[in-house]
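> Mind looking over this structure? Questions follow.
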Amino acid sequence: MKRTFTCIVCPNGCEIDTEYEGARVLSVSGNLCPKGKTYVTQELTDPRRTIASSIRILNGELPLASVRLTRAIPKDRIFDVMKAINGIELTAPVVIGQVVLQNVLGLDSDVIITKNVNAIS
Ligand code: SF4
C-alpha cells in the first residue's frame, strides 16, 4: 500500500511518501532525515501524540496555567486524557515542572505545569 505522511517530529514537516505492507515499511521518500522513517513506522504500529492544554487556577494572578505531558500517549487515548486534565483545579501558587497528574490513566506520562502562576497577595 501507499500513503503520504506528514512528519511532525520537527518544524520541517516533511511529506513522506511511504510504501508499506501491514506495519512493515518497504520504502520512504521525501524525508530529510532518518527520523522520518522511524516516525512513519511508529504511525503504522502505535501512533502517539503529546498534549498541551491548560488548567484552572484559584486565587492566582492568572486564571489559568498551561500544562503539557512529559511523554507522548497513544493517539486513541487523547480524549480520555483531555477529560482528566479538564477536571483539574489547583490553588496558586503553581510552578513550572510541578506534577499535576502522575502517570495519567496509567499511560506512563505525567501532566506538568509549564507556566508559573503566583498567588494574589
Ligand atoms: S523527516 Fe526529519 S527533517 Fe523531516 S520533519 Fe521529520 S524529523 Fe524533521
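Quick note on naming: the chains in the C-alpha cells go A, B, ... in the order shown, residues restart at 1 in each chain, and ligands are numbered from 1 in order of appearance.
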Please run DSSP on the backbone and report, as a PyMOL selection string, all residues within segment 15-116 of chain A that come out as strand (DSSP E or B).
chain A and resi 15-21+24-29+48-49+52-58+60+64-69+73-74+89-91+94+99-101+111-113
> Got a sec to check which residues lie within 12 Å of ligand 1, using only C-alpha atoms and all ligand atoms, and send them as a list in words?
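Using only C-alpha atoms and all ligand atoms, I find these residues within 12 Å of ligand 1: Phe5, Thr6, Cys7, Ile8, Val9, Cys10, Pro11, Asn12, Gly13, Cys14, Glu15, Ile16, Asp17, Val28, Ser29, Gly30, Asn31, Leu32, Cys33, Pro34, Lys35, Gly36, Lys37, Thr38, Tyr39 and Val40 of chain A.
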> Take the residues that were just selected and, keeping N, CA and C atoms, output them as a compact mmCIF listing (two decimals), in the first residue's frame.

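result_29.txt written:
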```txt
# COMPACT_ATOMS: atom_id res chain seq x y z
N PHE A 5 2.65 10.56 4.61
CA PHE A 5 2.59 11.02 5.99
C PHE A 5 3.26 12.39 6.09
N THR A 6 2.77 13.23 6.98
CA THR A 6 3.46 14.47 7.29
C THR A 6 4.18 14.27 8.60
N CYS A 7 5.50 14.28 8.55
CA CYS A 7 6.28 14.06 9.77
C CYS A 7 6.12 15.25 10.71
N ILE A 8 5.82 14.98 11.98
CA ILE A 8 5.61 16.07 12.96
C ILE A 8 6.73 16.11 14.01
N VAL A 9 7.83 15.41 13.70
CA VAL A 9 8.93 15.35 14.68
C VAL A 9 9.65 16.70 14.80
N CYS A 10 9.78 17.43 13.69
CA CYS A 10 10.42 18.76 13.76
C CYS A 10 9.68 19.72 12.85
N PRO A 11 9.99 21.01 12.92
CA PRO A 11 9.22 22.00 12.16
C PRO A 11 9.33 21.88 10.64
N ASN A 12 10.25 21.08 10.12
CA ASN A 12 10.35 20.92 8.66
C ASN A 12 9.08 20.31 8.07
N GLY A 13 8.41 19.47 8.83
CA GLY A 13 7.14 18.87 8.38
C GLY A 13 7.25 18.15 7.04
N CYS A 14 8.24 17.31 6.88
CA CYS A 14 8.44 16.61 5.61
C CYS A 14 7.22 15.78 5.21
N GLU A 15 6.88 15.82 3.92
CA GLU A 15 5.85 14.96 3.37
C GLU A 15 6.55 13.67 2.94
N ILE A 16 6.20 12.57 3.57
CA ILE A 16 6.93 11.32 3.34
C ILE A 16 6.04 10.33 2.59
N ASP A 17 6.39 10.09 1.35
CA ASP A 17 5.68 9.08 0.56
C ASP A 17 6.17 7.71 1.01
N VAL A 28 10.56 4.65 1.87
CA VAL A 28 10.12 6.02 2.16
C VAL A 28 10.90 6.99 1.28
N SER A 29 10.25 8.09 0.93
CA SER A 29 10.96 9.15 0.21
C SER A 29 10.35 10.48 0.62
N GLY A 30 11.19 11.51 0.59
CA GLY A 30 10.72 12.85 0.95
C GLY A 30 11.17 13.27 2.33
N ASN A 31 11.67 12.32 3.13
CA ASN A 31 12.14 12.66 4.49
C ASN A 31 13.56 13.20 4.40
N LEU A 32 13.81 14.29 5.17
CA LEU A 32 15.14 14.90 5.17
C LEU A 32 16.10 14.24 6.14
N CYS A 33 15.59 13.35 7.00
CA CYS A 33 16.49 12.66 7.93
C CYS A 33 15.88 11.30 8.30
N PRO A 34 16.68 10.43 8.95
CA PRO A 34 16.20 9.07 9.27
C PRO A 34 15.04 9.05 10.27
N LYS A 35 14.85 10.14 11.02
CA LYS A 35 13.75 10.16 11.98
C LYS A 35 12.40 10.03 11.27
N GLY A 36 12.38 10.44 10.02
CA GLY A 36 11.12 10.35 9.26
C GLY A 36 10.66 8.90 9.11
N LYS A 37 11.57 8.00 8.83
CA LYS A 37 11.20 6.58 8.68
C LYS A 37 10.73 6.02 10.03
N THR A 38 11.43 6.41 11.10
CA THR A 38 11.03 5.98 12.45
C THR A 38 9.62 6.48 12.76
N TYR A 39 9.36 7.74 12.39
CA TYR A 39 8.04 8.32 12.64
C TYR A 39 6.96 7.54 11.88
N VAL A 40 7.21 7.25 10.63
CA VAL A 40 6.22 6.52 9.82
C VAL A 40 5.97 5.13 10.41
```
> Mind checking which residues fall within 9 Å of Arg71 of chain A, counting only C-alpha atoms, ignoring those fewer than 3 positions away in the same chain, and posting them as an NGL selection string?
:A and (49-51 or 68 or 107-111)
> For Asp76 of chain A, work out the shell of residues within 9 Å, counting only C-alpha atoms and skipping chain neighbours fewer than 4 positions away, then give it as a ChimeraX atom specification.
/A:47-48,80
> Any idea what the distance is between atom CA of Ile73 of chain A and atom CA of Tyr20 of chain A?
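The value is 23.7 Å.
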> Neighbouring residues of segment 85-97 of chain A were defined as those with any atom within 12 Å, considering only C-alpha atoms; residues of the same chain fewer than 4 positions away were excluded. Please report them as a count of residues only.
40
> For the atom pair atom CA of Thr18 of chain A and atom CA of Asp46 of chain A, what is the interatomic distance in Å to one decimal place?
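Going from atom CA of Thr18 of chain A over to atom CA of Asp46 of chain A covers 16.4 Å.
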> Can you work out the spacing between atom CA of Arg77 of chain A and atom CA of Leu26 of chain A in Å, to one decimal?
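Computing the Euclidean distance for atom CA of Arg77 of chain A and atom CA of Leu26 of chain A yields 28.5 Å.
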> From segment 5-121 of chain A, collect each residue whose DSSP state is alpha helix (DSSP H) and return the set as a PyMOL selection string.
chain A and resi 35-45+78-86
